[in-house]
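Asker: This is the content of work.txt (compact mmCIF, C-alpha atoms and all ligand atoms):
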# COMPACT_ATOMS: atom_id res chain seq x y z
CA MET A 211 35.47 -2.29 18.86
CA ALA A 212 38.40 -4.45 19.99
CA ASP A 213 41.91 -3.23 19.07
CA GLY A 214 42.92 -4.42 15.60
CA ALA A 215 39.36 -5.47 14.65
CA PHE A 216 38.29 -4.53 11.14
CA ASP A 217 35.96 -1.53 10.99
CA LEU A 218 33.28 -2.54 8.50
CA GLN A 219 31.49 0.75 9.00
CA ALA A 220 34.40 3.02 8.10
CA GLY A 221 33.65 3.06 4.38
CA LEU A 222 29.87 3.25 4.53
CA LEU A 223 28.34 5.88 2.27
CA ALA A 224 27.43 9.11 4.01
CA GLY A 225 23.74 9.25 4.90
CA THR A 226 23.31 5.50 4.79
CA VAL A 227 20.58 3.98 6.92
CA ALA A 228 21.28 3.59 10.64
CA THR A 229 21.72 0.01 11.90
CA PRO A 230 18.29 -1.01 13.18
CA PRO A 231 17.71 -3.19 16.23
CA LYS A 232 17.35 -6.88 15.38
CA PHE A 233 13.84 -8.26 14.98
CA GLY A 234 12.54 -9.16 18.41
CA GLY A 235 9.19 -10.70 17.44
CA PHE A 236 5.76 -9.13 17.05
CA PRO A 237 4.17 -7.32 19.97
CA LYS A 238 0.89 -8.56 21.43
CA TYR A 239 -1.12 -5.88 19.63
CA GLN A 240 0.42 -5.37 16.21
CA PHE A 241 -1.38 -2.58 14.34
CA ILE A 242 1.51 -1.61 12.07
CA GLY A 243 2.43 -2.81 8.60
CA GLY A 244 0.21 -4.14 5.85
CA HIS A 245 -0.13 -7.74 6.95
CA ASN A 246 -3.00 -10.01 6.06
CA ASP A 247 -5.27 -12.25 8.13
CA PRO A 248 -3.63 -15.66 8.66
CA GLU A 249 -7.09 -17.26 8.78
CA LEU A 250 -7.78 -16.02 5.26
CA ILE A 251 -4.75 -17.39 3.49
CA PRO A 252 -5.94 -20.05 1.01
CA VAL A 253 -3.62 -22.68 2.45
CA GLU A 254 -5.26 -25.78 0.96
CA GLY A 255 -5.64 -24.16 -2.47
CA PHE A 256 -2.00 -23.17 -2.42
CA ALA A 257 -0.90 -26.64 -1.27
CA GLU A 258 -2.77 -28.27 -4.16
CA ALA A 259 -1.50 -25.74 -6.67
CA ALA A 260 2.06 -26.22 -5.42
CA ALA A 261 1.93 -30.02 -5.72
CA GLU A 262 0.44 -29.79 -9.20
CA VAL A 263 2.81 -27.19 -10.57
CA ILE A 264 5.99 -28.62 -9.08
CA ARG A 265 5.24 -32.08 -10.51
CA LYS A 266 4.36 -30.66 -13.91
CA HIS A 267 6.92 -27.91 -14.31
CA GLY A 268 9.44 -28.38 -11.49
CA ALA A 269 12.23 -29.33 -13.88
CA GLN A 270 12.01 -25.86 -15.45
CA LEU A 271 13.36 -24.42 -12.19
CA ALA A 272 16.77 -25.37 -13.58
CA ILE A 273 16.54 -22.33 -15.84
CA TYR A 274 16.46 -18.64 -14.80
CA ASN A 275 12.94 -17.32 -15.31
CA LEU A 276 11.95 -20.91 -16.16
CA GLY A 277 13.22 -20.21 -19.65
CA THR A 278 10.09 -18.13 -20.29
CA GLY A 279 11.73 -14.70 -20.47
CA PRO A 280 12.30 -11.83 -18.05
CA GLN A 281 8.74 -10.45 -17.83
CA GLY A 282 7.52 -13.24 -15.59
CA TYR A 283 5.64 -16.54 -15.79
CA PRO A 284 3.32 -16.28 -18.82
CA PRO A 285 0.25 -17.97 -17.26
CA LEU A 286 0.42 -15.52 -14.33
CA ARG A 287 0.61 -12.57 -16.70
CA GLU A 288 -2.29 -13.99 -18.72
CA HIS A 289 -4.37 -14.35 -15.57
CA LEU A 290 -3.55 -10.76 -14.62
CA ALA A 291 -4.29 -9.37 -18.08
CA ASN A 292 -7.72 -11.06 -18.06
CA ARG A 293 -8.47 -9.86 -14.55
CA LEU A 294 -7.34 -6.27 -15.11
CA ASN A 295 -9.37 -6.16 -18.33
CA LYS A 296 -12.46 -7.57 -16.62
CA HIS A 297 -12.28 -5.72 -13.30
CA ARG A 298 -10.18 -2.58 -13.83
CA GLY A 299 -11.40 -1.61 -17.28
CA MET A 300 -8.11 -2.17 -19.08
CA ASN A 301 -7.46 -3.48 -22.55
CA ILE A 302 -4.11 -5.20 -22.23
CA THR A 303 -2.36 -8.47 -22.98
CA ALA A 304 0.16 -10.48 -20.98
CA ASP A 305 2.85 -8.69 -22.96
CA ASP A 306 2.03 -5.37 -21.28
CA ILE A 307 2.91 -6.78 -17.83
CA LEU A 308 6.12 -7.20 -15.88
CA ILE A 309 5.97 -9.38 -12.75
CA THR A 310 7.97 -7.88 -9.87
CA THR A 311 9.09 -8.92 -6.42
CA GLY A 312 6.21 -7.21 -4.65
CA SER A 313 4.96 -3.84 -5.81
CA ASN A 314 7.77 -2.21 -3.84
CA ASN A 315 10.12 -3.58 -6.48
CA ALA A 316 7.86 -2.04 -9.13
CA ILE A 317 7.91 1.35 -7.40
CA ASP A 318 11.70 1.17 -7.27
CA LEU A 319 11.99 0.29 -10.94
CA ALA A 320 9.63 3.08 -11.97
CA THR A 321 11.21 5.76 -9.80
CA ASP A 322 14.68 4.61 -10.95
CA LEU A 323 13.72 5.65 -14.45
CA TYR A 324 12.32 9.05 -13.63
CA VAL A 325 13.50 10.49 -10.33
CA GLY A 326 16.97 11.83 -9.62
CA PRO A 327 18.32 14.23 -6.98
CA GLY A 328 16.54 17.57 -7.05
CA ASP A 329 13.63 16.32 -9.17
CA THR A 330 10.12 17.23 -8.12
CA VAL A 331 7.44 14.58 -7.55
CA LEU A 332 3.80 15.22 -6.67
CA ILE A 333 2.51 12.86 -4.02
CA GLU A 334 -0.63 12.72 -1.89
CA ALA A 335 -0.10 14.73 1.32
CA MET A 336 -0.61 11.53 3.28
CA SER A 337 0.80 8.52 1.48
CA TYR A 338 2.59 5.20 1.68
CA ALA A 339 5.56 5.81 3.98
CA VAL A 340 7.89 3.58 2.01
CA THR A 341 7.35 5.58 -1.18
CA ILE A 342 7.74 8.89 0.65
CA ASN A 343 11.02 7.71 2.18
CA ARG A 344 12.25 6.23 -1.06
CA LEU A 345 11.66 9.48 -2.95
CA LYS A 346 13.23 11.59 -0.24
CA LYS A 347 16.25 9.29 -0.14
CA ARG A 348 16.70 9.87 -3.84
CA GLY A 349 16.89 13.58 -3.10
CA ALA A 350 13.51 14.29 -4.68
CA ASN A 351 11.53 17.36 -3.80
CA CYS A 352 8.19 15.85 -2.71
CA VAL A 353 5.29 18.24 -3.17
CA ALA A 354 2.14 17.34 -1.23
CA MET A 355 -1.19 17.11 -3.06
CA PRO A 356 -4.06 17.91 -0.66
CA LEU A 357 -6.58 15.16 0.07
CA ASP A 358 -10.20 15.11 1.11
CA ASP A 359 -12.63 12.25 1.57
CA LYS A 360 -12.61 11.65 -2.19
CA GLY A 361 -8.87 11.47 -2.61
CA ILE A 362 -6.72 14.10 -4.31
CA VAL A 363 -8.26 17.57 -4.51
CA VAL A 364 -7.48 17.83 -8.19
CA ASP A 365 -8.33 21.53 -8.50
CA GLU A 366 -5.59 22.26 -5.97
CA VAL A 367 -3.18 20.11 -7.98
CA ALA A 368 -3.92 22.31 -11.00
CA LYS A 369 -2.79 25.31 -8.96
CA ILE A 370 0.32 23.51 -7.73
CA LEU A 371 1.30 22.50 -11.26
CA ALA A 372 0.71 26.03 -12.59
CA GLY A 373 2.85 27.44 -9.75
CA LEU A 374 5.67 25.00 -10.47
CA LYS A 375 5.49 25.76 -14.19
CA ALA A 376 5.80 29.48 -13.45
CA LYS A 377 9.08 28.63 -11.68
CA GLY A 378 10.23 26.51 -14.61
CA VAL A 379 9.72 23.21 -12.76
CA ARG A 380 8.19 20.22 -14.53
CA PRO A 381 7.56 17.43 -12.00
CA LYS A 382 8.78 14.00 -13.00
CA LEU A 383 5.85 11.99 -11.64
CA ILE A 384 2.46 12.20 -9.98
CA TYR A 385 2.33 9.27 -7.53
CA THR A 386 -1.18 8.35 -6.43
CA ILE A 387 -3.03 5.54 -4.64
CA PRO A 388 -6.50 6.30 -6.02
CA THR A 389 -8.41 3.16 -5.07
CA VAL A 390 -8.39 2.84 -1.28
CA GLN A 391 -5.88 5.52 -0.53
CA ASN A 392 -3.18 4.67 1.98
CA PRO A 393 -3.68 5.82 4.75
CA THR A 394 -7.00 7.68 4.39
CA GLY A 395 -8.97 4.85 2.76
CA SER A 396 -10.79 6.93 0.10
CA ILE A 397 -11.66 6.00 -3.47
CA MET A 398 -11.13 8.72 -6.06
CA PRO A 399 -14.25 9.21 -8.18
CA LEU A 400 -14.27 9.03 -11.96
CA ASP A 401 -14.47 12.78 -12.61
CA ARG A 402 -11.33 13.43 -10.55
CA ARG A 403 -9.50 10.61 -12.34
CA LYS A 404 -10.34 12.25 -15.66
CA LYS A 405 -9.25 15.68 -14.44
CA LEU A 406 -5.96 14.26 -13.20
CA ILE A 407 -5.32 12.73 -16.63
CA ALA A 408 -6.06 16.10 -18.25
CA LEU A 409 -3.50 17.73 -15.94
CA ALA A 410 -0.94 15.00 -16.69
CA HIS A 411 -1.28 15.84 -20.39
CA GLU A 412 -1.34 19.60 -19.92
CA TYR A 413 1.86 19.62 -17.87
CA GLY A 414 3.58 16.57 -19.38
CA VAL A 415 3.79 14.65 -16.09
CA PRO A 416 3.31 10.85 -16.07
CA ILE A 417 1.09 9.30 -13.41
CA LEU A 418 2.39 6.43 -11.28
CA GLU A 419 -0.81 4.70 -10.20
CA ASP A 420 -0.45 2.34 -7.22
CA GLU A 421 -3.51 0.10 -6.91
CA CYS A 422 -2.48 -2.56 -4.44
CA TYR A 423 -5.78 -2.35 -2.52
CA ALA A 424 -8.15 -2.19 -5.51
CA ASP A 425 -9.41 -5.75 -5.03
CA LEU A 426 -10.40 -5.05 -1.45
CA THR A 427 -13.15 -2.46 -1.87
CA TRP A 428 -16.23 -3.10 0.28
CA LYS A 429 -18.52 -2.61 -2.71
CA GLY A 430 -16.66 -5.21 -4.74
CA ILE A 431 -16.59 -4.51 -8.45
CA GLU A 432 -18.53 -1.25 -8.07
CA ARG A 433 -15.55 1.08 -8.23
CA PRO A 434 -14.23 3.45 -10.89
CA PRO A 435 -11.90 2.01 -13.50
CA ALA A 436 -8.17 2.31 -12.99
CA ILE A 437 -6.72 5.62 -14.15
CA ARG A 438 -4.64 3.65 -16.63
CA ALA A 439 -7.81 2.16 -18.12
CA LEU A 440 -9.00 5.70 -18.90
CA ASP A 441 -5.76 6.71 -20.58
CA PRO A 442 -2.96 4.14 -21.01
CA SER A 443 -0.68 6.73 -22.62
CA CYS A 444 0.23 8.66 -19.47
CA VAL A 445 0.01 6.07 -16.69
CA ILE A 446 2.38 3.50 -15.26
CA TYR A 447 0.22 1.10 -13.27
CA ILE A 448 1.36 -0.93 -10.27
CA GLY A 449 -0.47 -3.75 -8.48
CA SER A 450 0.26 -6.49 -5.98
CA PHE A 451 -0.83 -9.88 -4.70
CA SER A 452 0.27 -8.84 -1.19
CA LYS A 453 -3.08 -7.59 -0.01
CA SER A 454 -5.39 -9.81 -2.07
CA ILE A 455 -3.54 -13.05 -1.30
CA ALA A 456 -0.46 -12.78 0.94
CA PRO A 457 2.39 -10.31 1.38
CA ALA A 458 5.04 -12.95 2.00
CA ILE A 459 4.69 -14.41 -1.52
CA ARG A 460 6.28 -11.17 -2.78
CA LEU A 461 4.46 -10.80 -6.08
CA GLY A 462 3.68 -7.47 -7.68
CA TYR A 463 3.26 -6.26 -11.24
CA VAL A 464 3.56 -3.29 -13.53
CA VAL A 465 1.49 -2.41 -16.57
CA ALA A 466 3.03 0.17 -18.86
CA ASP A 467 3.82 1.01 -22.44
CA TRP A 468 6.79 -1.04 -23.67
CA SER A 469 8.92 2.11 -24.00
CA VAL A 470 8.92 2.19 -20.19
CA LEU A 471 8.11 -1.43 -19.31
CA GLY A 472 10.98 -2.66 -21.49
CA ARG A 473 13.39 -0.39 -19.64
CA MET A 474 12.06 -1.54 -16.27
CA THR A 475 12.48 -5.15 -17.43
CA ALA A 476 16.04 -4.46 -18.56
CA ASN A 477 16.84 -2.82 -15.21
CA LYS A 478 15.37 -5.66 -13.15
CA SER A 479 18.73 -7.23 -12.49
CA ASP A 480 17.73 -9.74 -9.81
CA GLY A 481 17.60 -12.85 -12.01
CA GLY A 482 13.80 -12.84 -11.94
CA THR A 483 11.08 -12.84 -9.30
CA GLY A 484 10.69 -16.18 -7.48
CA ALA A 485 9.38 -18.62 -10.08
CA LEU A 486 7.75 -21.02 -7.60
CA ASP A 487 5.71 -18.17 -6.13
CA GLN A 488 4.62 -17.17 -9.62
CA MET A 489 3.72 -20.69 -10.75
CA ILE A 490 1.77 -21.57 -7.59
CA THR A 491 -0.07 -18.26 -7.59
CA ALA A 492 -0.95 -18.60 -11.27
CA VAL A 493 -2.42 -22.08 -10.81
CA TYR A 494 -4.27 -21.09 -7.62
CA CYS A 495 -5.67 -17.85 -9.04
CA GLU A 496 -7.05 -19.38 -12.22
CA GLY A 497 -10.62 -20.16 -11.20
CA ASN A 498 -10.20 -19.24 -7.50
CA PHE A 499 -9.18 -15.59 -7.28
CA ASP A 500 -12.59 -13.91 -7.54
CA LYS A 501 -14.16 -16.21 -4.94
CA HIS A 502 -11.18 -15.76 -2.64
CA VAL A 503 -11.30 -11.95 -2.69
CA ASP A 504 -15.08 -12.00 -2.18
CA THR A 505 -14.52 -13.89 1.07
CA LEU A 506 -11.58 -11.69 2.03
CA ARG A 507 -13.55 -8.50 1.48
CA VAL A 508 -16.40 -9.59 3.72
CA ALA A 509 -14.05 -10.71 6.50
CA LEU A 510 -11.93 -7.55 6.32
CA LYS A 511 -15.00 -5.32 6.39
CA GLU A 512 -16.11 -7.05 9.61
CA LYS A 513 -12.68 -6.41 11.11
CA MET A 514 -12.81 -2.79 9.98
CA GLU A 515 -16.17 -2.43 11.78
CA ALA A 516 -14.60 -3.96 14.89
CA ALA A 517 -11.65 -1.55 14.73
CA VAL A 518 -13.92 1.49 14.31
CA ASP A 519 -16.17 0.25 17.11
CA ALA A 520 -13.18 -0.34 19.40
CA VAL A 521 -11.85 3.18 18.79
CA GLU A 522 -15.29 4.71 19.36
CA GLN A 523 -15.82 2.72 22.55
CA GLN A 524 -12.42 3.57 23.98
CA PHE A 525 -11.81 7.11 22.76
CA GLY A 526 -15.39 8.35 22.29
CA THR A 527 -15.73 11.74 20.69
CA MET A 528 -12.04 12.58 21.07
CA ALA A 529 -11.26 10.37 18.05
CA THR A 530 -12.15 11.00 14.42
CA VAL A 531 -12.09 7.83 12.39
CA HIS A 532 -11.77 7.80 8.63
CA ARG A 533 -13.98 4.83 7.81
CA PRO A 534 -12.16 3.39 4.78
CA GLU A 535 -13.92 2.24 1.60
CA GLY A 536 -11.85 -0.94 1.56
CA GLY A 537 -8.43 -2.23 2.52
CA ILE A 538 -6.81 -3.06 5.81
CA PHE A 539 -6.38 0.05 7.92
CA ILE A 540 -8.16 2.93 9.60
CA TRP A 541 -6.79 6.46 9.89
CA VAL A 542 -7.59 7.89 13.28
CA GLY A 543 -7.33 11.53 14.36
CA PHE A 544 -7.19 13.03 17.87
CA PRO A 545 -7.40 16.59 19.21
CA PRO A 546 -4.37 18.71 18.21
CA GLU A 547 -2.83 18.58 21.70
CA ILE A 548 -2.36 14.81 21.40
CA ASP A 549 1.00 14.15 19.77
CA VAL A 550 0.85 10.46 18.92
CA THR A 551 4.62 10.28 18.47
CA LYS A 552 4.81 10.67 22.28
CA LEU A 553 2.67 7.55 22.63
CA VAL A 554 4.90 5.31 20.52
CA ALA A 555 7.37 4.31 23.27
CA PRO A 556 4.89 3.80 26.13
CA ALA A 557 2.51 1.97 23.78
CA ALA A 558 5.31 -0.36 22.67
CA LYS A 559 5.99 -1.06 26.35
CA ALA A 560 2.34 -2.00 26.73
CA GLY A 561 2.65 -4.30 23.70
CA VAL A 562 0.89 -2.00 21.21
CA THR A 563 2.40 -0.76 17.96
CA PHE A 564 0.81 1.69 15.50
CA ASN A 565 1.95 3.91 12.65
CA PRO A 566 2.19 7.55 13.78
CA GLY A 567 0.74 10.09 11.30
CA PRO A 568 4.00 12.00 10.58
CA GLU A 569 5.54 8.83 9.12
CA TRP A 570 2.68 8.67 6.64
CA SER A 571 2.93 12.35 5.72
CA VAL A 572 4.94 14.10 3.04
CA ASP A 573 5.55 17.05 5.38
CA ALA A 574 7.31 15.29 8.24
CA GLY A 575 5.82 17.56 10.92
CA ALA A 576 2.24 17.07 9.74
CA ASN A 577 -0.50 14.87 11.23
CA LYS A 578 1.10 14.52 14.65
CA ASN A 579 -2.34 13.87 16.07
CA TRP A 580 -3.17 11.08 13.60
CA MET A 581 -2.31 7.40 13.54
CA ARG A 582 -2.85 4.47 11.22
CA LEU A 583 -4.08 1.17 12.61
CA CYS A 584 -3.91 -1.96 10.46
CA PHE A 585 -6.75 -4.27 11.44
CA ALA A 586 -6.12 -7.21 9.09
CA LEU A 587 -3.68 -9.24 11.16
CA PRO A 588 -5.17 -9.26 14.71
CA SER A 589 -8.34 -11.16 15.57
CA LYS A 590 -11.42 -9.09 16.46
CA GLN A 591 -10.88 -9.73 20.17
CA THR A 592 -7.24 -8.68 19.85
CA ILE A 593 -8.37 -5.51 18.09
CA TYR A 594 -10.69 -4.65 21.00
CA ASP A 595 -8.05 -5.50 23.62
CA GLY A 596 -5.29 -3.68 21.76
CA VAL A 597 -7.27 -0.48 21.28
CA ALA A 598 -8.21 -0.60 24.98
CA ALA A 599 -4.51 -0.91 25.86
CA LEU A 600 -3.73 2.02 23.56
CA ALA A 601 -6.41 4.18 25.18
CA SER A 602 -5.00 3.34 28.58
CA VAL A 603 -1.51 4.47 27.43
CA CYS A 604 -3.00 7.69 26.05
CA HIS A 605 -4.72 8.29 29.38
CA ASP A 606 -1.45 7.75 31.26
CA VAL A 607 0.35 10.27 29.05
CA TYR A 608 -2.36 12.87 28.39
CA GLY A 609 -5.06 12.25 31.00
CA VAL A 610 -7.58 11.41 28.27
CA PRO A 611 -9.74 9.57 27.35
CA LYS A 612 -11.32 9.90 30.78
CA PHE A 613 -13.76 7.07 30.11
CA SER A 614 -13.19 3.53 28.93
CA ALA A 615 -16.28 1.97 27.32
CA ASN A 616 -18.57 4.32 29.32
CA THR A 617 -16.78 3.67 32.59
CA LYS A 618 -14.74 6.45 34.21
CA ARG A 619 -11.09 5.44 34.32
CA GLY A 620 -9.88 4.70 37.82
CA ALA A 621 -13.52 4.60 39.07
C1 LIG A 701 0.26 1.81 -1.27
C2 LIG A 701 1.18 0.64 -1.21
N1 LIG A 701 1.94 0.36 -2.27
C3 LIG A 701 2.79 -0.68 -2.26
C4 LIG A 701 2.90 -1.50 -1.17
C5 LIG A 701 3.92 -2.58 -1.21
O1 LIG A 701 3.42 -3.83 -1.25
P1 LIG A 701 4.22 -5.09 -1.76
O2 LIG A 701 5.65 -4.74 -2.05
O3 LIG A 701 4.09 -6.07 -0.66
O4 LIG A 701 3.50 -5.50 -3.00
C6 LIG A 701 2.11 -1.27 -0.03
C7 LIG A 701 2.21 -2.12 1.15
O5 LIG A 701 1.69 -1.90 2.20
C8 LIG A 701 1.24 -0.16 -0.07
O6 LIG A 701 0.47 0.14 0.98
Before we go any further, please render this structure as structure tokens.
Ligand SMILES: Cc1ncc(COP(=O)(O)O)c(C=O)c1O

Answerer:
Amino acid sequence: MADGAFDLQAGLLAGTVATPPKFGGFPKYQFIGGHNDPELIPVEGFAEAAAEVIRKHGAQLAIYNLGTGPQGYPPLREHLANRLNKHRGMNITADDILITTGSNNAIDLATDLYVGPGDTVLIEAMSYAVTINRLKKRGANCVAMPLDDKGIVVDEVAKILAGLKAKGVRPKLIYTIPTVQNPTGSIMPLDRRKKLIALAHEYGVPILEDECYADLTWKGIERPPAIRALDPSCVIYIGSFSKSIAPAIRLGYVVADWSVLGRMTANKSDGGTGALDQMITAVYCEGNFDKHVDTLRVALKEKMEAAVDAVEQQFGTMATVHRPEGGIFIWVGFPPEIDVTKLVAPAAKAGVTFNPGPEWSVDAGANKNWMRLCFALPSKQTIYDGVAALASVCHDVYGVPKFSANTKRGA
């Protein structure tokens, strides 16, 4: 710093985030983040909806929240209520919904109400990194709920809750992603959902259900109802348009009893979620949403198959792939001696980015030999090329895999 220059950093709060490097563009093989496929954005439908809605209602943009109140654009909430009733087994009206700026905003608003420093939260052992970090930043004690290929092992959660109760601890929330778990890709079956609700009642712990991938299940509407549909009394439900339409429109939603939803609405002090996004999405979705997600599902499943195939071709038996039941990513495991965090820097140099397992784990040291690859953004060819580049980096660092698509490396 030059002499006499003002030190903007001097008064920063202790423990504040470190200054990150500036965005330098996407790498050639981008397997991180939860992006969507640019080819599958309903551009024409959105353009028509935008023209229609701006001409009809554009003048309302003069008023915060379009003058329709802080819960969000009523036609969008009506569309959502109908859809969640039809497809997720709920029985709600538009009044039970708050539109948020992405579901991240919803997670913030919910955790704001419940989680303070020192509070305990139960969260899937592998989970959405942003939620894990957010809870830890709040000073929460995050307790990992074990997972298997059907989601949370609920019988183990019963033991965890009993153990905490014996110590006088009542957790503030159970955070779960039951329908296409992030990162493992499982769908929690009905019996486990019911058991989890029973535990929520027994121990007085609300469930924060995050269903942002529920529209993207390979089997379409054949999936268990939302946990909130089974028992609205103990569940705060969160959803998003990010994965079913586009993440950059920044639209999420919460469904909860007014005692909580009203408080979240009162705390949402941002002047309202972007009204144009809400209006355009509402007009587009009415009549188009189901058809759109049907197309999306088929295309994403093909990409998932390509990603699994690419990993199997390049890594052979040294990789274990969790074939997801929907969504946009695969969770890939390697032998314990492979620490994927050591691959991050050389992979980035080779133009490949991926999410290392520890970042997606409640216990920061766990899953060092796992990684998450998002397959939605790259084309199929880019997936194959990117996984080949990743395998080559792994070979440079660890000497394995020795073969690349059946050919000995260096032969
Ligand atoms: C489980 C989960 N919840 C919430 C989000 C946040 O999505 P958004 O804020 O874009 O709605 C994501 C994004 O990847 C996610 O994976």

Asker: Show me the residues around (0.9, -1.0, -6.2) - criterion: an atom at most 8 Å away, all atoms listed in the file counted - as a list in words.

Answerer: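 Answer for this query, in the requested form: Ser313, Asn314, Ala316, Ile317, Ile387, Glu419, Asp420, Glu421, Cys422, Tyr423, Tyr447, Ile448, Gly449, Ser450, Gly462 and Tyr463 of chain A.
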
Asker: Padding 5 Å on every side, please: axis-aligned box over the listed atoms of ligand LIG 701 (chain A), centre and edge lengths to one decimal in Å, as lines of an AutoDock Vina configuration file.

Answerer:
center_x = 3.0
center_y = -2.1
center_z = -0.4
size_x = 15.4
size_y = 17.9
size_z = 15.2

Asker: Would you give me, as CSV, each residue of region 375-479 of chain A having an atom within 6 Å of an atom of region 282-299 of chain A, along with its shortest atom pair and that distance in Å to one decimal, using all atoms listed in the file and sorting by chain and residue number?

Answerer:
residue,atom,partner,partner_atom,distance
A:Pro435,CA,A:Arg298,CA,4.9
A:Ala436,CA,A:Arg298,CA,5.4
A:Ala439,CA,A:Gly299,CA,5.3

Asker: Would you mind exporting the chosen residues as a JSON list (two decimals), in the frame of the given file, restricted to C-alpha atoms?

Answerer:
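Dumped everything to again18.json:
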[["chain", "number", "residue", "atom", "x", "y", "z"],
["A", 435, "PRO", "CA", -11.90, 2.01, -13.50],
["A", 436, "ALA", "CA", -8.17, 2.31, -12.99],
["A", 439, "ALA", "CA", -7.81, 2.16, -18.12]]

Asker: From the list A:Lys501, A:Lys429, A:Arg460, A:Lys369, which residue is nearest ligand LIG 701 (chain A) when using only C-alpha atoms and all ligand atoms?

Answerer: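 For ligand LIG 701 (chain A), the nearest of the candidates is A:Arg460.
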
Asker: Which residues come within 9 Å of His605 (chain A), counting all atoms listed in the file, excluding same-chain residues fewer than 6 positions away, as JSON, numbers by chain?

Answerer: {"A": [611, 612, 619]}

Asker: For the residues in that selection, give me C-alpha atoms as a PDB file, in the frame of the given file.

Answerer:
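The resulting file, selection_35.pdb, is shown below:
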ATOM      1  CA  PRO A 611      -9.740   9.570  27.350  1.00  0.00           C
ATOM      2  CA  LYS A 612     -11.320   9.900  30.780  1.00  0.00           C
ATOM      3  CA  ARG A 619     -11.090   5.440  34.320  1.00  0.00           C
TER       4      ARG A 619
END

Asker: Suppose you want the space between CA of Leu553 (chain A) and CA of Val610 (chain A); what is it in Å?

Answerer: 12.3 Å

Asker: Would you mind telling me which residue in A:Ile307, A:Leu587, A:Ile333, A:Val508 lies nearest to Ile417 (chain A) when using only C-alpha atoms?

Answerer: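 Nearest candidate to Ile417 (chain A) out of A:Ile307, A:Leu587, A:Ile333, A:Val508: A:Ile333.
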
Asker: Measuring atom to atom with only C-alpha atoms and all ligand atoms, identify which of A:Thr278, A:Asn616, A:Thr341, A:Ser443 is nearest to ligand LIG 701 (chain A).

Answerer: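 With only C-alpha atoms and all ligand atoms as the atom set, the closest residue is A:Thr341.
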
Asker: Point out the residue among A:Arg582, A:Lys478, A:Arg438, A:Arg402 with the least atom-to-atom distance to ligand LIG 701 (chain A), counting all atoms listed in the file.

Answerer: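 Result for the nearest residue to ligand LIG 701 (chain A): A:Arg582.
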
Asker: Need to verify the contact set: Asp573 (chain A), 9 Å, all atoms listed in the file, exclusion of same-chain residues closer than 3 positions in sequence. Can you return it as number ranges by chain?

Answerer: A: 335-336, 352-354, 568, 570, 576-577

Asker: With distances taken over all atoms listed in the file, which residue among A:Arg265, A:Arg473, A:His411, A:Lys453 lies nearest ligand LIG 701 (chain A)?

Answerer: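 For ligand LIG 701 (chain A), the nearest of the candidates is A:Lys453.
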
Asker: Got a sec: who's within 9 Å of Ala529 (chain A), counting all atoms listed in the file, leaving out chain neighbours fewer than 4 positions off, as a PDB file with C-alpha atoms, in the frame of the given file?

Answerer:
ATOM      1  CA  VAL A 521     -11.850   3.180  18.790  1.00  0.00           C
ATOM      2  CA  GLU A 522     -15.290   4.710  19.360  1.00  0.00           C
ATOM      3  CA  PHE A 525     -11.810   7.110  22.760  1.00  0.00           C
ATOM      4  CA  VAL A 542      -7.590   7.890  13.280  1.00  0.00           C
ATOM      5  CA  GLY A 543      -7.330  11.530  14.360  1.00  0.00           C
ATOM      6  CA  PHE A 544      -7.190  13.030  17.870  1.00  0.00           C
ATOM      7  CA  PRO A 545      -7.400  16.590  19.210  1.00  0.00           C
TER       8      PRO A 545
END

Asker: Would you mind telling me which residue in A:Lys266, A:Lys232, A:Arg344, A:Lys618 lies nearest to ligand LIG 701 (chain A) when using all atoms listed in the file?

Answerer: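 Of A:Lys266, A:Lys232, A:Arg344, A:Lys618, the one nearest ligand LIG 701 (chain A) is A:Arg344, counting all atoms listed in the file.
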
Asker: Quick one: distance from CA of Met581 (chain A) to CA of Glu569 (chain A) in Å, one decimal?

Answerer: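 Pair CA of Met581 (chain A) / CA of Glu569 (chain A) returns 9.1 Å.
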
Asker: Which neighbours of Leu276 (chain A) fall inside 10 Å, counting all atoms listed in the file, when residues of the same chain fewer than 5 positions from it are skipped, and could you give them as a ChimeraX atom specification?

Answerer: /A:267-271,282-283,482,484-486,489

Asker: Hey, can you check how far CA of Ser589 (chain A) sits from CA of Lys513 (chain A)?

Answerer: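 Value for the CA of Ser589 (chain A)-CA of Lys513 (chain A) distance: 7.8 Å.
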
Asker: Quick one: residues within 9 Å of Ile242 (chain A), all atoms listed in the file counted, chain neighbours fewer than 6 positions away excluded, as a ChimeraX atom specification?

Answerer: /A:563-565,582-585

Asker: Save the residues we just selected, C-alpha atoms, as a tab-separated table (two decimals), in the frame of the given file?

Answerer:
chain	number	residue	atom	x	y	z
A	563	THR	CA	2.40	-0.76	17.96
A	564	PHE	CA	0.81	1.69	15.50
A	565	ASN	CA	1.95	3.91	12.65
A	582	ARG	CA	-2.85	4.47	11.22
A	583	LEU	CA	-4.08	1.17	12.61
A	584	CYS	CA	-3.91	-1.96	10.46
A	585	PHE	CA	-6.75	-4.27	11.44
